Amino acid sequence: MAKPRALIIGGSVGGLFAAHLLGSIGWDVDVFERVNEDLASRGAGIGTHPALREIMRRLGLSIDNSIVVVTPSYFCRDRTGRLILELPTPRMMSAWAPLYRGLRDNLRSARYHRGKDCVEVRSSADGVTAVFADGSQVMGDLLVAADGIRSTVRSQFLPDVKPDYAGYVAWRALVPERDVAPATRAVLKREYLFCVPEGELALCYVVPARDGDTRVGHRDYNLVWYRPAEEVALADLCTDAQGRRHGGSIPPPLIRPEIIADIRERACADLAPPLADTVLRTEQPFFQAIHDLASPRMVFGRVAVLGDAAFVARPHVGAGVTKAALDALCLAEVIAAAGGDLDTALARYDRERCRFGEWIVGRGRDLGASIGVRAKAEGHVTQDELDRRSAAVVGGYAANAEELARLTIDGSPPAGVACQA
Ligand SMILES: Cc1cc2nc3c(=O)[nH]c(=O)nc-3n(C[C@H](O)[C@H](O)[C@H](O)COP(=O)(O)OP(=O)(O)OC[C@H]3O[C@@H](n4cnc5c(N)ncnc54)[C@H](O)[C@@H]3O)c2cc1C
């Protein structure tokens with residue numbers, strides 16, 4: 001009997017997990033990625049969790065010490081560098097490149113097609129057809145939409161479901177550790193460091209270098225600084241020196257020099273010295289607008305939506321890769337368990353993963369809730385109160401890390417956690 005065939009749209013981490021896992025249950029798999037280039041150079045630090053490490057282990061791709069950097073505690077300092085809090089919170093940070101490379105280079109059970117832009121999906125009684133921008137068409141028994149937050153496939157089935165701007169951006173800096181001041185290195189080599197200016201949140205931690213190097217002296221510092229920006233302010237941030245508007249994002253080299261100068265000045269005024277130093281030393285600060293995305297459904301006939309195409313939690317949660325892996329594992333497991341009844345399997349996938357998606361998007365909203373809230377608007381606030389607020393924000397991050405450490409590969413929200421679904 002011919003193997004059932006899966007068409008996977010999107011060849012990033014979500015698509016690759018689905019390809020591995022559907023391949024492992026005997027499906028014939030094709031992955032179609034819009035981008036022609038290698039995706040290994042995308043992204044920076046990726047927080048790993050036991051569930052992600054377990055799924056990678058099942059695929060024969062261990063996340064071992066050669067591709068992670070471990071930090072033992074969260075620290076919080078104010079803008080003078082004064083220590084407010086230390087919370088033991090072990091984190092294992094890896095990097096995009098080694099994770100993606102491991103998944104991509106070891107994909108033996110599937111064909112990977114680059115430069116294939118899916119523009120339409122057609123369902124019929126016999127299966128599902130993907131139509132590409134180059135005019136080609138491919139037919140399969142199941143189509144997995146792993147095409148990210150701006151998913152073409154999801155938009156076809158849920159045209160009204162769109163990413164919802166959270167009202168703030170994340171400024172980013174990725175700096176080789178050898179490029180920062182010795183005093184900065186002395187702190188950041190051991191501290192996963194937070195600073196909580198009013199209505200904002202900055203954190204910085206050591207990650208493997210872009211090429212995956214984890215040797216001391218060869219790694220990077222990854223800074224993320226959340227700052228409020230109303231829609232009008234975001235439009236201005238995304239306008240280049242020639243006055244051209246770029247929508248909701250702008251290529252980093254086109255960010256106007258005065259905006260970069262302002263962010264460096266603000267960093268010196270508002271951030272703990274090691275964080276300010278990383279902003280000053282990075283060649284090219286850049287920013288990303290932060291969005292929530294929650295889909296009411298993940299299955300449309302023989303189409304299953306997966307990863308960021310279905311749900312995006314704000315990056316505070318730091319588990320988008322883990323979520324995509326859990327979606328893919330659930331999909332493969334429910335199909336294997338249904339003994340050929342694909343409709344029943346997909347209904348179960350829809351139920352289980354929507355529940356998880358709702359939960360994790362809610363977590364992201366909770367963790368970002370303080371951004372844009374300015375204590376000074378409430379009148380005089382004491383230093384103690386400001387310290388308490390900083391400690392509460394970092395405590396929320398620590399609780400999130402602890403919850404994610406309890407996440408098991410059955411993919412339910414951690415036990416004892418309220419779920420909105
Ligand atoms: C600031 C920031 C920090 C983050 N930190 C972490 C972290 O620490 N840990 C973590 O786990 N996650 C983190 N994430 C999230 C993580 O990067 C994503 O959740 C993850 O990449 C989702 O994978 P995906 O495959 O679903 O989607 P994507 O990685 O977005 O991939 C979608 C793919 O589909 C392709 N595509 C799109 N449209 C089409 C089409 N029509 N036809 C064919 N192909 C198409 C795209 O080119 C792309 O390759 C972070 C994200 C941000 C923004």
# chains A, B, ... in the order shown; residues from 1 in each chain; ligands from 1
$ residues_near_ligand --ligand "ligand 1" --cutoff "6 Å" --atoms "only C-alpha atoms and all ligand atoms" --output "short mmCIF file (atom, residue, chain, number, x, y, z; two decimals) with N, CA, C and O atoms, in the first residue's frame"
data_model
loop_
_atom_site.label_atom_id
_atom_site.label_comp_id
_atom_site.auth_asym_id
_atom_site.auth_seq_id
_atom_site.Cartn_x
_atom_site.Cartn_y
_atom_site.Cartn_z
N ILE A 9 4.12 23.14 4.57
CA ILE A 9 4.41 24.48 4.06
C ILE A 9 5.17 25.24 5.14
O ILE A 9 4.65 25.49 6.23
N GLY A 10 6.43 25.61 4.85
CA GLY A 10 7.29 26.29 5.82
C GLY A 10 8.39 25.34 6.29
O GLY A 10 8.10 24.29 6.87
N GLY A 11 9.63 25.72 6.04
CA GLY A 11 10.75 24.83 6.34
C GLY A 11 11.62 25.33 7.46
O GLY A 11 12.82 25.06 7.52
N SER A 12 11.01 26.09 8.41
CA SER A 12 11.75 26.52 9.60
C SER A 12 11.60 25.43 10.67
O SER A 12 11.28 24.27 10.35
N VAL A 13 11.79 25.78 11.93
CA VAL A 13 11.82 24.73 12.96
C VAL A 13 10.51 23.94 13.05
O VAL A 13 10.53 22.71 13.16
N GLY A 14 9.35 24.63 12.99
CA GLY A 14 8.07 23.92 13.11
C GLY A 14 7.89 22.91 11.99
O GLY A 14 7.53 21.76 12.22
N GLY A 15 8.16 23.34 10.75
CA GLY A 15 8.04 22.45 9.60
C GLY A 15 8.99 21.27 9.70
O GLY A 15 8.65 20.14 9.35
N PHE A 32 8.07 22.44 1.86
CA PHE A 32 8.17 23.52 0.87
C PHE A 32 8.45 24.83 1.60
O PHE A 32 7.63 25.29 2.39
N GLU A 33 9.63 25.41 1.34
CA GLU A 33 10.04 26.64 2.02
C GLU A 33 10.14 27.77 0.99
O GLU A 33 10.77 27.62 -0.03
N ARG A 34 9.52 28.90 1.34
CA ARG A 34 9.49 30.05 0.43
C ARG A 34 10.89 30.61 0.15
O ARG A 34 11.23 30.95 -0.98
N VAL A 35 11.69 30.70 1.22
CA VAL A 35 13.00 31.35 1.10
C VAL A 35 13.99 30.42 0.40
O VAL A 35 14.03 29.21 0.66
N GLY A 45 19.59 33.72 20.54
CA GLY A 45 19.48 32.75 21.62
C GLY A 45 18.12 32.07 21.63
O GLY A 45 17.10 32.69 21.38
N ILE A 46 18.12 30.80 21.94
CA ILE A 46 16.87 30.05 22.07
C ILE A 46 16.91 29.36 23.43
O ILE A 46 17.80 28.53 23.70
N GLY A 47 15.95 29.71 24.29
CA GLY A 47 15.86 29.05 25.58
C GLY A 47 15.39 27.61 25.38
O GLY A 47 14.46 27.37 24.62
N LYS A 116 9.90 27.70 -2.74
CA LYS A 116 8.52 27.32 -3.09
C LYS A 116 7.56 28.11 -2.21
O LYS A 116 7.42 27.85 -1.01
N ASP A 117 6.92 29.09 -2.83
CA ASP A 117 6.02 30.00 -2.12
C ASP A 117 4.58 29.52 -2.32
O ASP A 117 4.03 29.65 -3.42
N CYS A 118 3.99 28.99 -1.28
CA CYS A 118 2.62 28.49 -1.39
C CYS A 118 1.65 29.68 -1.41
O CYS A 118 1.68 30.52 -0.50
N VAL A 119 0.81 29.74 -2.43
CA VAL A 119 -0.11 30.87 -2.53
C VAL A 119 -1.56 30.47 -2.29
O VAL A 119 -2.41 31.32 -2.04
N ALA A 146 3.02 25.29 8.43
CA ALA A 146 4.02 25.74 9.42
C ALA A 146 4.69 26.98 8.86
O ALA A 146 5.91 27.12 8.87
N ASP A 147 3.84 27.90 8.35
CA ASP A 147 4.38 29.05 7.60
C ASP A 147 4.38 30.34 8.42
O ASP A 147 4.31 31.43 7.85
N GLY A 148 4.48 30.23 9.72
CA GLY A 148 4.81 31.37 10.56
C GLY A 148 3.66 32.34 10.82
O GLY A 148 2.52 32.14 10.39
N ILE A 149 3.98 33.41 11.57
CA ILE A 149 2.96 34.33 12.08
C ILE A 149 2.11 34.95 10.97
O ILE A 149 0.93 35.22 11.17
N SER A 151 1.13 33.54 8.25
CA SER A 151 0.75 32.35 7.47
C SER A 151 -0.24 32.63 6.33
O SER A 151 -1.36 33.11 6.55
N THR A 152 0.17 32.28 5.13
CA THR A 152 -0.71 32.38 3.96
C THR A 152 -1.87 31.39 4.10
O THR A 152 -3.01 31.69 3.77
N GLY A 307 2.65 25.56 15.05
CA GLY A 307 3.69 26.53 15.42
C GLY A 307 3.16 27.95 15.40
O GLY A 307 2.00 28.23 15.72
N ASP A 308 4.03 28.90 15.01
CA ASP A 308 3.66 30.33 15.02
C ASP A 308 2.53 30.63 14.04
O ASP A 308 1.90 31.69 14.16
N ALA A 309 2.26 29.77 13.09
CA ALA A 309 1.14 30.03 12.16
C ALA A 309 -0.19 30.01 12.92
O ALA A 309 -1.15 30.66 12.50
N PRO A 315 7.51 37.04 23.26
CA PRO A 315 8.77 36.34 23.50
C PRO A 315 9.20 36.27 24.96
O PRO A 315 10.15 35.55 25.28
N GLY A 318 9.46 32.72 25.86
CA GLY A 318 10.68 32.05 25.38
C GLY A 318 10.47 30.58 25.07
O GLY A 318 11.32 29.75 25.40
N ALA A 319 9.34 30.24 24.46
CA ALA A 319 9.09 28.81 24.22
C ALA A 319 8.45 28.55 22.86
O ALA A 319 7.81 27.52 22.68
N GLY A 320 8.64 29.45 21.90
CA GLY A 320 8.02 29.26 20.59
C GLY A 320 8.52 28.00 19.89
O GLY A 320 7.75 27.29 19.22
N VAL A 321 9.80 27.71 20.04
CA VAL A 321 10.36 26.52 19.39
C VAL A 321 9.82 25.27 20.08
O VAL A 321 9.42 24.30 19.43
N THR A 322 9.77 25.32 21.42
CA THR A 322 9.22 24.19 22.16
C THR A 322 7.76 23.95 21.79
O THR A 322 7.32 22.81 21.60
N ALA A 324 6.25 24.71 18.96
CA ALA A 324 6.18 24.13 17.61
C ALA A 324 6.52 22.64 17.65
O ALA A 324 5.88 21.81 16.99
#
$ residues_around --residues "Tyr168 of chain A" --least-positions-apart "6" --cutoff "12 Å" --atoms "only C-alpha atoms" --output "number ranges by chain"
A: 199-201, 225-235, 237, 248, 287-292, 314-315, 365, 368-373
$ residues_around --residues "Ser94 of chain A" --least-positions-apart "3" --cutoff "8 Å" --atoms "only C-alpha atoms" --output "list of chain:residue names"
A:Gly45, A:Ile46, A:Gly47, A:Thr48, A:Ile67, A:Val68, A:Val69, A:Pro98, A:Leu99, A:Val207, A:Pro208, A:Gly212
$ write_last_selection --atoms "N, CA, C and O atoms" --output "tab-separated table (two decimals), in the first residue's frame"
chain	number	residue	atom	x	y	z
A	45	GLY	N	19.59	33.72	20.54
A	45	GLY	CA	19.48	32.75	21.62
A	45	GLY	C	18.12	32.07	21.63
A	45	GLY	O	17.10	32.69	21.38
A	46	ILE	N	18.12	30.80	21.94
A	46	ILE	CA	16.87	30.05	22.07
A	46	ILE	C	16.91	29.36	23.43
A	46	ILE	O	17.80	28.53	23.70
A	47	GLY	N	15.95	29.71	24.29
A	47	GLY	CA	15.86	29.05	25.58
A	47	GLY	C	15.39	27.61	25.38
A	47	GLY	O	14.46	27.37	24.62
A	48	THR	N	16.06	26.66	26.03
A	48	THR	CA	15.62	25.27	25.88
A	48	THR	C	14.95	24.82	27.17
A	48	THR	O	15.22	25.35	28.25
A	67	ILE	N	26.17	22.58	22.81
A	67	ILE	CA	25.40	23.65	22.14
A	67	ILE	C	24.57	24.48	23.12
A	67	ILE	O	23.66	25.19	22.69
A	68	VAL	N	24.88	24.41	24.40
A	68	VAL	CA	24.16	25.27	25.34
A	68	VAL	C	25.12	26.02	26.26
A	68	VAL	O	26.25	25.58	26.49
A	69	VAL	N	24.60	27.13	26.77
A	69	VAL	CA	25.29	27.87	27.82
A	69	VAL	C	24.35	27.88	29.01
A	69	VAL	O	23.15	28.16	28.85
A	98	PRO	N	22.61	26.00	15.74
A	98	PRO	CA	22.80	24.57	15.96
A	98	PRO	C	21.49	23.79	16.03
A	98	PRO	O	21.44	22.63	15.58
A	99	LEU	N	20.42	24.42	16.55
A	99	LEU	CA	19.14	23.71	16.60
A	99	LEU	C	18.60	23.49	15.18
A	99	LEU	O	18.22	22.38	14.79
A	207	VAL	N	24.65	33.75	25.36
A	207	VAL	CA	24.15	32.69	24.46
A	207	VAL	C	25.34	32.18	23.63
A	207	VAL	O	26.35	32.87	23.52
A	208	PRO	N	25.20	30.99	23.05
A	208	PRO	CA	26.25	30.57	22.13
A	208	PRO	C	26.37	31.60	21.00
A	208	PRO	O	25.41	32.30	20.68
A	212	GLY	N	27.34	28.88	16.92
A	212	GLY	CA	27.15	27.80	17.89
A	212	GLY	C	28.28	27.65	18.88
A	212	GLY	O	28.23	26.80	19.77
$ closest_residue --among "A:Val180, A:Gly23, A:Met93, A:Thr214" --to "Arg53 of chain A" --atoms "only C-alpha atoms"
A:Met93
$ residues_around --residues "Val224 of chain A" --least-positions-apart "2" --cutoff "8 Å" --atoms "only C-alpha atoms" --output "MDAnalysis selection string"
chainID A and resid 170:173 202:204 222 226
$ select_by_dssp --residues "segment 222-364 of chain A" --states "helix (DSSP H, G or I)" --output "NGL selection string"
:A and (231-237 or 252-254 or 257-270 or 273-281 or 307-309 or 320-337 or 342-364)
$ closest_residue --among "A:Arg215, A:Arg266, A:Arg348, A:Arg388" --to "Arg297 of chain A" --atoms "only C-alpha atoms"
A:Arg348
$ residues_around --residues "Met56 of chain A" --least-positions-apart "2" --cutoff "12 Å" --atoms "only C-alpha atoms" --output "JSON, numbers by chain"
{"A": [13, 16, 17, 20, 21, 48, 49, 50, 51, 52, 53, 54, 58, 59, 60, 61, 62, 63, 64, 98, 99, 100, 102, 103, 106, 321, 322, 325, 326, 328, 329, 409]}
$ select_by_dssp --residues "segment 163-237 of chain A" --states "strand (DSSP E)" --output "VMD selection string"
chain A and resid 164 to 176 192 to 195 201 to 207 220 to 228
$ write_last_selection --atoms "N, CA, C and O atoms" --output "compact mmCIF listing (two decimals), in the first residue's frame"
# COMPACT_ATOMS: atom_id res chain seq x y z
N ASP A 164 -1.95 40.60 16.66
CA ASP A 164 -2.48 41.74 17.39
C ASP A 164 -1.30 42.46 18.05
O ASP A 164 -0.63 41.89 18.92
N TYR A 165 -1.02 43.70 17.63
CA TYR A 165 0.13 44.44 18.15
C TYR A 165 -0.05 44.71 19.65
O TYR A 165 -1.09 45.20 20.08
N ALA A 166 1.00 44.39 20.43
CA ALA A 166 0.89 44.48 21.89
C ALA A 166 1.16 45.89 22.42
O ALA A 166 1.06 46.13 23.62
N GLY A 167 1.55 46.83 21.54
CA GLY A 167 1.78 48.22 21.97
C GLY A 167 3.21 48.47 22.41
O GLY A 167 3.50 49.52 22.98
N TYR A 168 4.10 47.52 22.14
CA TYR A 168 5.51 47.76 22.46
C TYR A 168 6.43 46.98 21.52
O TYR A 168 5.99 46.06 20.82
N VAL A 169 7.67 47.42 21.52
CA VAL A 169 8.67 46.77 20.66
C VAL A 169 9.77 46.19 21.54
O VAL A 169 9.93 46.59 22.69
N ALA A 170 10.51 45.25 20.98
CA ALA A 170 11.69 44.72 21.65
C ALA A 170 12.91 45.21 20.89
O ALA A 170 13.12 44.85 19.73
N TRP A 171 13.68 46.09 21.54
CA TRP A 171 14.99 46.45 20.96
C TRP A 171 15.95 45.31 21.23
O TRP A 171 15.92 44.71 22.31
N ARG A 172 16.76 44.98 20.25
CA ARG A 172 17.66 43.83 20.38
C ARG A 172 19.10 44.26 20.12
O ARG A 172 19.36 45.12 19.29
N ALA A 173 20.02 43.62 20.82
CA ALA A 173 21.44 43.80 20.54
C ALA A 173 22.11 42.45 20.75
O ALA A 173 21.81 41.76 21.73
N LEU A 174 22.95 42.09 19.82
CA LEU A 174 23.70 40.84 19.96
C LEU A 174 25.18 41.21 19.83
O LEU A 174 25.62 41.68 18.78
N VAL A 175 25.91 41.03 20.94
CA VAL A 175 27.29 41.54 20.98
C VAL A 175 28.26 40.41 21.35
O VAL A 175 28.03 39.72 22.35
N PRO A 176 29.34 40.22 20.59
CA PRO A 176 30.35 39.23 21.01
C PRO A 176 30.89 39.60 22.39
O PRO A 176 31.13 40.78 22.66
N TYR A 192 22.27 36.31 34.57
CA TYR A 192 21.18 36.48 33.61
C TYR A 192 20.47 37.72 34.15
O TYR A 192 19.75 37.67 35.15
N LEU A 193 20.74 38.87 33.54
CA LEU A 193 20.49 40.15 34.21
C LEU A 193 19.26 40.88 33.70
O LEU A 193 19.09 41.05 32.49
N PHE A 194 18.43 41.32 34.65
CA PHE A 194 17.24 42.13 34.35
C PHE A 194 17.43 43.55 34.88
O PHE A 194 18.11 43.76 35.88
N CYS A 195 16.76 44.48 34.21
CA CYS A 195 16.64 45.84 34.73
C CYS A 195 15.23 46.29 34.32
O CYS A 195 14.79 46.03 33.20
N LEU A 201 11.19 46.99 30.27
CA LEU A 201 11.84 45.79 30.80
C LEU A 201 13.01 45.44 29.90
O LEU A 201 12.86 45.35 28.68
N ALA A 202 14.18 45.27 30.51
CA ALA A 202 15.36 44.88 29.73
C ALA A 202 15.98 43.66 30.37
O ALA A 202 15.98 43.52 31.60
N LEU A 203 16.49 42.75 29.54
CA LEU A 203 17.22 41.60 30.06
C LEU A 203 18.34 41.25 29.10
O LEU A 203 18.27 41.56 27.91
N CYS A 204 19.39 40.66 29.66
CA CYS A 204 20.54 40.32 28.83
C CYS A 204 21.17 39.05 29.40
O CYS A 204 21.25 38.89 30.62
N TYR A 205 21.58 38.17 28.50
CA TYR A 205 22.14 36.89 28.95
C TYR A 205 23.10 36.38 27.91
O TYR A 205 23.07 36.77 26.74
N VAL A 206 23.95 35.47 28.37
CA VAL A 206 24.95 34.91 27.46
C VAL A 206 24.32 33.78 26.65
O VAL A 206 23.50 33.00 27.16
N VAL A 207 24.65 33.75 25.36
CA VAL A 207 24.15 32.69 24.46
C VAL A 207 25.34 32.18 23.63
O VAL A 207 26.35 32.87 23.52
N ASP A 220 28.17 35.16 22.73
CA ASP A 220 27.53 36.47 22.53
C ASP A 220 26.70 36.83 23.75
O ASP A 220 26.25 35.95 24.49
N TYR A 221 26.45 38.14 23.91
CA TYR A 221 25.43 38.60 24.85
C TYR A 221 24.21 39.02 24.05
O TYR A 221 24.33 39.75 23.06
N ASN A 222 23.06 38.54 24.50
CA ASN A 222 21.81 38.83 23.80
C ASN A 222 20.98 39.76 24.69
O ASN A 222 20.57 39.38 25.77
N LEU A 223 20.76 40.98 24.21
CA LEU A 223 19.96 41.94 24.98
C LEU A 223 18.59 42.10 24.33
O LEU A 223 18.48 42.22 23.11
N VAL A 224 17.56 42.09 25.16
CA VAL A 224 16.19 42.36 24.70
C VAL A 224 15.64 43.45 25.60
O VAL A 224 15.64 43.30 26.82
N TRP A 225 15.18 44.55 25.01
CA TRP A 225 14.72 45.71 25.79
C TRP A 225 13.34 46.10 25.28
O TRP A 225 13.21 46.61 24.17
N TYR A 226 12.32 45.79 26.11
CA TYR A 226 10.94 46.07 25.72
C TYR A 226 10.61 47.51 26.07
O TYR A 226 10.77 47.93 27.23
N ARG A 227 10.13 48.27 25.07
CA ARG A 227 9.79 49.68 25.27
C ARG A 227 8.45 49.96 24.60
O ARG A 227 8.21 49.55 23.46
N PRO A 228 7.55 50.68 25.29
CA PRO A 228 6.25 50.98 24.69
C PRO A 228 6.41 51.83 23.43
O PRO A 228 7.32 52.67 23.36
$ residues_around --residues "Asp126 of chain A" --least-positions-apart "6" --cutoff "12 Å" --atoms "only C-alpha atoms" --output "PyMOL selection string"
chain A and resi 4-5+139-142+301-302
$ closest_residue --among "A:Glu37, A:Glu403, A:Asp387, A:Asp211" --to "Pro197 of chain A" --atoms "only C-alpha atoms"
A:Asp387
$ residues_around --residues "Ala272 of chain A" --least-positions-apart "5" --cutoff "6 Å" --atoms "only C-alpha atoms" --output "list in words"
Asp78, Arg79, Thr80 and Gly81 of chain A
$ closest_residue --among "A:Ser109, A:Thr278, A:Thr382, A:Asn65" --to "Trp27 of chain A" --atoms "only C-alpha atoms"
A:Ser109
